[in-house]
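*Asks:* What follows is query.txt, made up of compact mmCIF, C-alpha atoms:
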```txt
# COMPACT_ATOMS: atom_id res chain seq x y z
CA MET O 1395 -3.37 -23.66 -5.32
CA PRO O 1396 -1.91 -23.28 -1.81
CA LEU O 1397 -1.41 -19.85 -0.29
CA ASP O 1398 2.06 -18.36 -0.02
CA PRO O 1399 3.36 -19.07 3.53
CA GLN O 1400 3.93 -15.36 4.19
CA ILE O 1401 0.32 -14.54 3.26
CA GLU O 1402 -0.91 -17.43 5.39
CA PHE O 1403 1.03 -15.97 8.30
CA VAL O 1404 -0.51 -12.51 7.78
CA ILE O 1405 -4.03 -13.97 7.53
CA GLY O 1406 -3.38 -15.84 10.78
CA LEU O 1407 -2.35 -12.61 12.50
CA VAL O 1408 -5.50 -10.88 11.26
CA LYS O 1409 -7.67 -13.69 12.62
CA LYS O 1410 -5.86 -13.64 15.99
CA ALA O 1411 -6.44 -9.88 16.27
CA ASN O 1412 -10.18 -10.60 16.42
CA ALA O 1413 -10.89 -7.24 14.77
CA PRO O 1414 -14.21 -6.63 13.03
CA GLU O 1415 -14.40 -7.02 9.26
CA PHE O 1416 -14.63 -3.74 7.35
CA TRP O 1417 -17.97 -4.72 5.86
CA GLN O 1418 -19.41 -4.88 9.39
CA LEU O 1419 -18.54 -1.23 10.08
CA THR O 1420 -19.81 2.15 8.97
CA PRO O 1421 -17.44 4.00 6.58
CA ASP O 1422 -16.23 6.25 9.44
CA GLN O 1423 -15.58 3.26 11.71
CA ALA O 1424 -13.83 1.39 8.88
CA ARG O 1425 -11.54 4.37 8.17
CA GLU O 1426 -10.60 4.57 11.85
CA GLN O 1427 -9.97 0.81 12.04
CA TYR O 1428 -7.94 0.88 8.82
CA LEU O 1429 -5.64 3.65 10.09
CA LEU O 1430 -5.09 1.76 13.36
CA ARG O 1431 -4.11 -1.37 11.44
CA VAL O 1432 -1.80 0.49 9.06
CA ALA O 1433 -0.08 2.26 11.96
CA ARG O 1434 0.86 -1.12 13.42
CA LEU O 1435 3.00 -1.95 10.38
CA ALA O 1436 5.63 0.61 11.47
CA VAL O 1437 7.96 -0.05 8.53
CA LYS O 1438 10.81 2.46 8.59
CA GLU O 1439 12.55 1.82 5.27
CA PRO O 1440 13.21 5.07 3.42
CA ILE O 1441 11.78 6.00 0.05
CA PHE O 1442 14.25 8.05 -2.00
CA ARG O 1443 11.64 10.04 -3.94
CA THR O 1444 7.86 10.32 -4.29
CA GLU O 1445 6.44 12.00 -7.38
CA ASP O 1446 2.79 12.75 -8.17
CA ARG O 1447 1.91 12.94 -11.87
CA ARG O 1448 -1.12 12.74 -14.14
CA ILE O 1449 -1.43 10.61 -17.25
CA PRO O 1450 -4.06 10.85 -20.00
CA GLY O 1451 -7.11 8.69 -19.42
CA PRO O 1452 -10.28 7.98 -21.42
CA GLY O 1453 -12.36 10.68 -19.71
CA SER O 1454 -9.81 12.79 -17.89
CA HIS O 1455 -6.31 12.66 -16.51
CA ILE O 1456 -5.53 9.83 -14.07
CA PRO O 1457 -3.46 10.69 -10.99
CA ILE O 1458 -0.46 8.42 -10.42
CA ARG O 1459 2.24 8.31 -7.76
CA ILE O 1460 5.76 7.10 -8.48
CA TYR O 1461 7.91 5.80 -5.61
CA THR O 1462 11.62 5.56 -6.31
CA PRO O 1463 13.27 3.39 -3.63
CA ARG O 1464 16.80 4.69 -4.07
CA GLU O 1465 18.97 6.83 -6.30
CA ILE O 1466 19.23 5.31 -9.77
CA LYS O 1467 22.53 5.02 -11.62
CA THR O 1468 22.68 6.22 -15.24
CA GLY O 1469 21.19 3.54 -17.51
CA GLU O 1470 19.98 1.41 -14.60
CA LYS O 1471 16.51 -0.10 -14.79
CA LEU O 1472 14.50 -1.00 -11.71
CA PRO O 1473 11.65 -3.51 -11.50
CA VAL O 1474 8.14 -2.03 -11.56
CA LEU O 1475 5.13 -2.79 -9.40
CA LEU O 1476 1.88 -1.46 -10.83
CA TRP O 1477 -0.91 -1.14 -8.26
CA PHE O 1478 -4.49 -0.37 -9.25
CA HIS O 1479 -6.41 1.01 -6.29
CA GLY O 1480 -9.78 -0.68 -6.36
CA GLY O 1481 -11.40 0.57 -3.17
CA GLY O 1482 -13.28 3.63 -4.34
CA PHE O 1483 -11.20 5.83 -1.99
CA VAL O 1484 -13.68 5.32 0.86
CA ILE O 1485 -11.53 3.73 3.58
CA GLY O 1486 -7.77 3.93 2.97
CA PRO O 1487 -6.26 7.32 2.08
CA SER O 1488 -3.35 7.46 -0.35
CA ALA O 1489 -1.18 8.75 2.50
CA SER O 1490 -1.25 5.23 3.99
CA PHE O 1491 0.19 3.59 0.87
CA PRO O 1492 3.91 4.33 1.38
CA ARG O 1493 4.03 1.64 4.09
CA ARG O 1494 2.94 -0.91 1.49
CA TRP O 1495 5.65 0.21 -0.91
CA ARG O 1496 8.29 0.05 1.80
CA ILE O 1497 7.31 -3.55 2.42
CA ALA O 1498 7.23 -4.36 -1.32
CA ARG O 1499 10.63 -2.71 -1.77
CA ARG O 1500 12.24 -5.53 0.20
CA ARG O 1501 10.95 -8.14 -2.25
```
Reformat the file's structure so that it appears as structure tokens.

*Replies:*
Amino acid sequence: MPLDPQIEFVIGLVKKANAPEFWQLTPDQAREQYLLRVARLAVKEPIFRTEDRRIPGPGSHIPIRIYTPREIKTGEKLPVLLWFHGGGFVIGPSASFPRRWRIARRR
């Protein structure tokens, strides 16, 4: 299956940056590199509301964050994007995630 052209473009930019791969770095170096890369996204789209909640999980409550892109009209339903963080919370802090949601909001 071919890659989406937008993803191909992003991968090309990453390769042109000639930055080290995260696996080649110590955790401290990887965190620093990650924050530098995220800062370059500079997406300025607003998020109407951010809400932190907890939902019941098998062993304890699971923290979730809900981003609402704009004010919702009564009875209106918005599409949902469900993101499972799979990184073990070693490199990218949750504070860096709103940039991703701002980008996804345009889709």

*Asks:* Can you work out which one of O:Leu1476, O:Leu1419, O:Gly1453, O:Val1408 has the shortest atom-to-atom distance to Arg1431 of chain O, counting all atoms listed in the file?

*Replies:*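 Under the stated criterion, the closest residue is O:Val1408.
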
*Asks:* Env of segment 1454-1469 of chain O: 6 Å cut, atoms = all atoms listed in the file, seq-sep filter 5 positions within chain, self excluded. Answer as a ChimeraX atom specification.

*Replies:* /O:1441-1449

*Asks:* Which residues are close to Gly1486 of chain O, i.e. within 10 Å by only C-alpha atoms, leaving aside same-chain residues fewer than 5 positions away? Reply as a list in words.

*Replies:*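 That gives Ala1424, Arg1425, Glu1426, Gln1427, Tyr1428, Leu1429, Val1432, His1479, Gly1481 and Phe1491 of chain O.
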
*Asks:* Between atom CA of Leu1397 of chain O and atom CA of Val1484 of chain O, measure the distance and give it in Å to one decimal.

*Replies:* 28.0 Å

*Asks:* Report, in Å with one decimal, the straight-line distance from atom CA of Glu1439 of chain O to atom CA of Lys1410 of chain O.

*Replies:*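 Between atom CA of Glu1439 of chain O and atom CA of Lys1410 of chain O the gap is 26.3 Å.
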
*Asks:* Using atom CA of Trp1417 of chain O and atom CA of Val1404 of chain O as the two end points, give the distance in Å to one decimal.

*Replies:*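 The value is 19.2 Å.
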